[in-house]
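Contents: one structure, followed by commentary.
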Amino acid sequence: MGFAHNNVLHANHFRKDWQRRVRTWFDQPGRKLRRRQARTAKSAALGARPISRLRPAVRGQTVRYNTKIREGRGFTLAELKEAGVGRKEAKGLGIVVDHRRRNLSEEGKKLNVERLQEYKSRLIVFPRNAKKPKKGDSTGDDLTAATTRAPIPLPSPHVPEAPRKITDEERKFKAYRTLREARAFKRHEGARKVRIQKREEEEAAKKK
């Protein structure tokens, strides 16, 4: 190939001795076997412990995905409190906690509380010392009950509702206006409190 115009001349390097720098993976089948054996050993050591930790059922983000239910990062403190599970106790029971998450609907909160209660009903906590069981440990017939390591499945995303007629009250209800008024009320709440407090102080001063 020739060169045209005022271009830089090629400086091809064909003597890099690449054979000495090739990375080989001849141990790949052996590594696969060792990983499998390690997983089997770990599973046996865990005993009857669940395969995965319990996570909440949450809706996907945006209008595109909010019809689907997926596993969230962790349960809220409000959900744990309603289900009767302590924040520190949850970590020991395999329940993931997310203190930053907030409940935006009663339906979502109720769903996760029921999920926690179902988990608690299936939970068997073996005491470290059978003679001296601690608070929260399982005792008696619970210890001999059948155990399962299967995770609790996510609920169906579709909530069935029987068809019904729309009432006159629902027809008259203005959702957009109600939302805007609630938003405005929240925005001006601080200033409104200051005005009310100032008015009360002026009235008290007049009475004196």
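Following the order of the structure tokens, chains are lettered A, B, ..., residues in each are numbered from 1, and ligands are numbered from 1.
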
List as a PyMOL selection string the protein and nucleic acid residues near segment 52-60 of chain A, meaning an atom at most 8 Å away when only C-alpha atoms are counted, but skip any in the same chain fewer than 6 places from it. chain A and resi 66-75+94-96+108+111-112+115+151-152+154-155

Could you write those residues out with N, CA, C and O atoms, as a PDB file, in the first residue's frame?
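As a result, out_15.pdb now contains:
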ATOM      1  N   ASN A  66     -44.868   0.497  37.088  1.00  0.00           N
ATOM      2  CA  ASN A  66     -45.528   0.435  38.394  1.00  0.00           C
ATOM      3  C   ASN A  66     -46.643  -0.608  38.470  1.00  0.00           C
ATOM      4  O   ASN A  66     -47.246  -0.789  39.518  1.00  0.00           O
ATOM      5  N   THR A  67     -46.913  -1.296  37.354  1.00  0.00           N
ATOM      6  CA  THR A  67     -47.882  -2.396  37.414  1.00  0.00           C
ATOM      7  C   THR A  67     -47.224  -3.695  37.861  1.00  0.00           C
ATOM      8  O   THR A  67     -47.904  -4.692  38.087  1.00  0.00           O
ATOM      9  N   LYS A  68     -45.896  -3.682  37.982  1.00  0.00           N
ATOM     10  CA  LYS A  68     -45.157  -4.882  38.378  1.00  0.00           C
ATOM     11  C   LYS A  68     -44.710  -4.777  39.831  1.00  0.00           C
ATOM     12  O   LYS A  68     -44.449  -3.685  40.331  1.00  0.00           O
ATOM     13  N   ILE A  69     -44.616  -5.919  40.486  1.00  0.00           N
ATOM     14  CA  ILE A  69     -44.135  -5.974  41.869  1.00  0.00           C
ATOM     15  C   ILE A  69     -42.792  -6.680  41.875  1.00  0.00           C
ATOM     16  O   ILE A  69     -42.626  -7.726  41.242  1.00  0.00           O
ATOM     17  N   ARG A  70     -41.836  -6.100  42.579  1.00  0.00           N
ATOM     18  CA  ARG A  70     -40.497  -6.682  42.685  1.00  0.00           C
ATOM     19  C   ARG A  70     -40.044  -6.644  44.143  1.00  0.00           C
ATOM     20  O   ARG A  70     -40.716  -6.062  44.989  1.00  0.00           O
ATOM     21  N   GLU A  71     -38.916  -7.251  44.426  1.00  0.00           N
ATOM     22  CA  GLU A  71     -38.358  -7.214  45.782  1.00  0.00           C
ATOM     23  C   GLU A  71     -37.674  -5.878  46.016  1.00  0.00           C
ATOM     24  O   GLU A  71     -36.907  -5.417  45.165  1.00  0.00           O
ATOM     25  N   GLY A  72     -37.959  -5.246  47.151  1.00  0.00           N
ATOM     26  CA  GLY A  72     -37.343  -3.968  47.484  1.00  0.00           C
ATOM     27  C   GLY A  72     -36.042  -4.158  48.237  1.00  0.00           C
ATOM     28  O   GLY A  72     -35.571  -5.274  48.465  1.00  0.00           O
ATOM     29  N   ARG A  73     -35.447  -3.032  48.657  1.00  0.00           N
ATOM     30  CA  ARG A  73     -34.168  -3.095  49.376  1.00  0.00           C
ATOM     31  C   ARG A  73     -34.365  -3.603  50.805  1.00  0.00           C
ATOM     32  O   ARG A  73     -33.615  -4.451  51.273  1.00  0.00           O
ATOM     33  N   GLY A  74     -35.362  -3.066  51.514  1.00  0.00           N
ATOM     34  CA  GLY A  74     -35.580  -3.496  52.894  1.00  0.00           C
ATOM     35  C   GLY A  74     -36.901  -2.973  53.428  1.00  0.00           C
ATOM     36  O   GLY A  74     -37.514  -2.066  52.855  1.00  0.00           O
ATOM     37  N   PHE A  75     -37.334  -3.532  54.564  1.00  0.00           N
ATOM     38  CA  PHE A  75     -38.601  -3.136  55.189  1.00  0.00           C
ATOM     39  C   PHE A  75     -38.426  -1.811  55.930  1.00  0.00           C
ATOM     40  O   PHE A  75     -37.354  -1.512  56.465  1.00  0.00           O
ATOM     41  N   GLY A  94     -32.951 -12.652  59.620  1.00  0.00           N
ATOM     42  CA  GLY A  94     -32.855 -12.713  58.165  1.00  0.00           C
ATOM     43  C   GLY A  94     -33.793 -11.771  57.452  1.00  0.00           C
ATOM     44  O   GLY A  94     -34.148 -11.989  56.292  1.00  0.00           O
ATOM     45  N   ILE A  95     -34.221 -10.696  58.145  1.00  0.00           N
ATOM     46  CA  ILE A  95     -35.116  -9.693  57.540  1.00  0.00           C
ATOM     47  C   ILE A  95     -34.285  -8.441  57.254  1.00  0.00           C
ATOM     48  O   ILE A  95     -33.616  -7.920  58.139  1.00  0.00           O
ATOM     49  N   VAL A  96     -34.345  -7.962  56.021  1.00  0.00           N
ATOM     50  CA  VAL A  96     -33.555  -6.791  55.631  1.00  0.00           C
ATOM     51  C   VAL A  96     -34.313  -5.523  56.012  1.00  0.00           C
ATOM     52  O   VAL A  96     -35.513  -5.410  55.764  1.00  0.00           O
ATOM     53  N   GLY A 108     -49.695  -0.688  50.324  1.00  0.00           N
ATOM     54  CA  GLY A 108     -48.337  -1.229  50.267  1.00  0.00           C
ATOM     55  C   GLY A 108     -47.813  -1.619  51.640  1.00  0.00           C
ATOM     56  O   GLY A 108     -47.142  -2.640  51.802  1.00  0.00           O
ATOM     57  N   LEU A 111     -49.520  -4.850  52.781  1.00  0.00           N
ATOM     58  CA  LEU A 111     -48.979  -5.991  52.036  1.00  0.00           C
ATOM     59  C   LEU A 111     -47.699  -6.502  52.677  1.00  0.00           C
ATOM     60  O   LEU A 111     -47.502  -7.711  52.870  1.00  0.00           O
ATOM     61  N   ASN A 112     -46.811  -5.584  53.063  1.00  0.00           N
ATOM     62  CA  ASN A 112     -45.533  -5.981  53.643  1.00  0.00           C
ATOM     63  C   ASN A 112     -45.664  -6.437  55.092  1.00  0.00           C
ATOM     64  O   ASN A 112     -44.893  -7.277  55.551  1.00  0.00           O
ATOM     65  N   ARG A 115     -46.676  -9.890  54.818  1.00  0.00           N
ATOM     66  CA  ARG A 115     -45.495 -10.676  54.402  1.00  0.00           C
ATOM     67  C   ARG A 115     -44.603 -11.005  55.604  1.00  0.00           C
ATOM     68  O   ARG A 115     -44.112 -12.128  55.743  1.00  0.00           O
ATOM     69  N   PRO A 151     -38.257 -19.581  49.713  1.00  0.00           N
ATOM     70  CA  PRO A 151     -38.603 -18.184  50.014  1.00  0.00           C
ATOM     71  C   PRO A 151     -40.096 -17.934  49.875  1.00  0.00           C
ATOM     72  O   PRO A 151     -40.804 -18.671  49.175  1.00  0.00           O
ATOM     73  N   ILE A 152     -40.569 -16.879  50.535  1.00  0.00           N
ATOM     74  CA  ILE A 152     -41.985 -16.500  50.420  1.00  0.00           C
ATOM     75  C   ILE A 152     -42.178 -15.809  49.072  1.00  0.00           C
ATOM     76  O   ILE A 152     -41.508 -14.817  48.780  1.00  0.00           O
ATOM     77  N   LEU A 154     -43.550 -13.553  45.923  1.00  0.00           N
ATOM     78  CA  LEU A 154     -44.127 -12.213  45.822  1.00  0.00           C
ATOM     79  C   LEU A 154     -45.613 -12.323  45.471  1.00  0.00           C
ATOM     80  O   LEU A 154     -46.013 -13.223  44.731  1.00  0.00           O
ATOM     81  N   PRO A 155     -46.446 -11.417  45.993  1.00  0.00           N
ATOM     82  CA  PRO A 155     -47.881 -11.471  45.683  1.00  0.00           C
ATOM     83  C   PRO A 155     -48.157 -11.061  44.246  1.00  0.00           C
ATOM     84  O   PRO A 155     -47.305 -10.483  43.573  1.00  0.00           O
TER      85      PRO A 155
END

DSSP on the backbone, helix (DSSP H, G or I) only: what residues of segment 8-158 of chain A does that give? Format it as JSON, numbers by chain. {"A": [18, 19, 20, 21, 28, 29, 30, 31, 32, 33, 34, 35, 36, 37, 38, 39, 40, 41, 42, 43, 44, 45, 46, 62, 63, 64, 65, 77, 78, 79, 80, 81, 82, 83, 87, 88, 89, 90, 91, 92, 106, 107, 108, 109, 110, 111, 112, 113, 114, 115, 116, 117, 118, 119, 120, 121, 122, 140, 141, 142, 143, 144]}

Please list as a ChimeraX atom specification every residue within 8 Å of Ala83 of chain A, counting only C-alpha atoms and excluding residues in the same chain fewer than 5 positions away. /A:113-114,116-117

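Among the residues of segment 3-200 of chain A, backbone DSSP assigns strand (DSSP E) to Ala57, Val58, Arg59, Ile69, Arg70 and Glu71 of chain A.
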
Just the selected residues (N, CA, C and O atoms), exported as a CSV table (one decimal), in the first residue's frame, please.
chain,number,residue,atom,x,y,z
A,57,ALA,N,-42.1,-6.4,49.3
A,57,ALA,CA,-42.7,-6.4,48.0
A,57,ALA,C,-43.0,-4.9,47.6
A,57,ALA,O,-43.8,-4.3,48.4
A,58,VAL,N,-42.4,-4.4,46.6
A,58,VAL,CA,-42.6,-3.0,46.2
A,58,VAL,C,-43.0,-2.8,44.7
A,58,VAL,O,-42.7,-3.8,44.0
A,59,ARG,N,-43.5,-1.7,44.4
A,59,ARG,CA,-43.9,-1.4,43.0
A,59,ARG,C,-42.7,-0.9,42.3
A,59,ARG,O,-41.9,-0.2,42.8
A,69,ILE,N,-44.6,-5.9,40.5
A,69,ILE,CA,-44.1,-6.0,41.9
A,69,ILE,C,-42.8,-6.7,41.9
A,69,ILE,O,-42.6,-7.7,41.2
A,70,ARG,N,-41.8,-6.1,42.6
A,70,ARG,CA,-40.5,-6.7,42.7
A,70,ARG,C,-40.0,-6.6,44.1
A,70,ARG,O,-40.7,-6.1,45.0
A,71,GLU,N,-38.9,-7.3,44.4
A,71,GLU,CA,-38.4,-7.2,45.8
A,71,GLU,C,-37.7,-5.9,46.0
A,71,GLU,O,-36.9,-5.4,45.2

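Pairwise distance (atom CA of Lys109 of chain A, atom CA of Pro50 of chain A) equals 23.5 Å.
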
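Among the candidates A:Lys81, A:Arg128, A:Arg149, A:Arg183, the one nearest to Gly47 of chain A when counting only C-alpha atoms is A:Arg149.
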
Neighbouring residues of segment 137-146 of chain A were defined as those with any atom within 9 Å, considering only C-alpha atoms; residues of the same chain fewer than 2 positions away were excluded. Please report them as JSON, numbers by chain. {"A": [123, 124, 125, 126, 127, 128, 130, 133, 134, 135, 148]}

In terms of the shortest atom-to-atom distance over only C-alpha atoms, which of A:Arg36, A:Arg49, A:Lys174, A:Glu79 is closest to Ser105 of chain A? A:Glu79

Restricting the calculation to only C-alpha atoms, which member of A:Ala182, A:Ala150, A:Val194, A:Leu104 is positioned closest to Ile51 of chain A? A:Ala150

Quote the spacing between atom CA of Arg31 of chain A and atom CA of Ala44 of chain A in Å to one decimal place. 20.0 Å
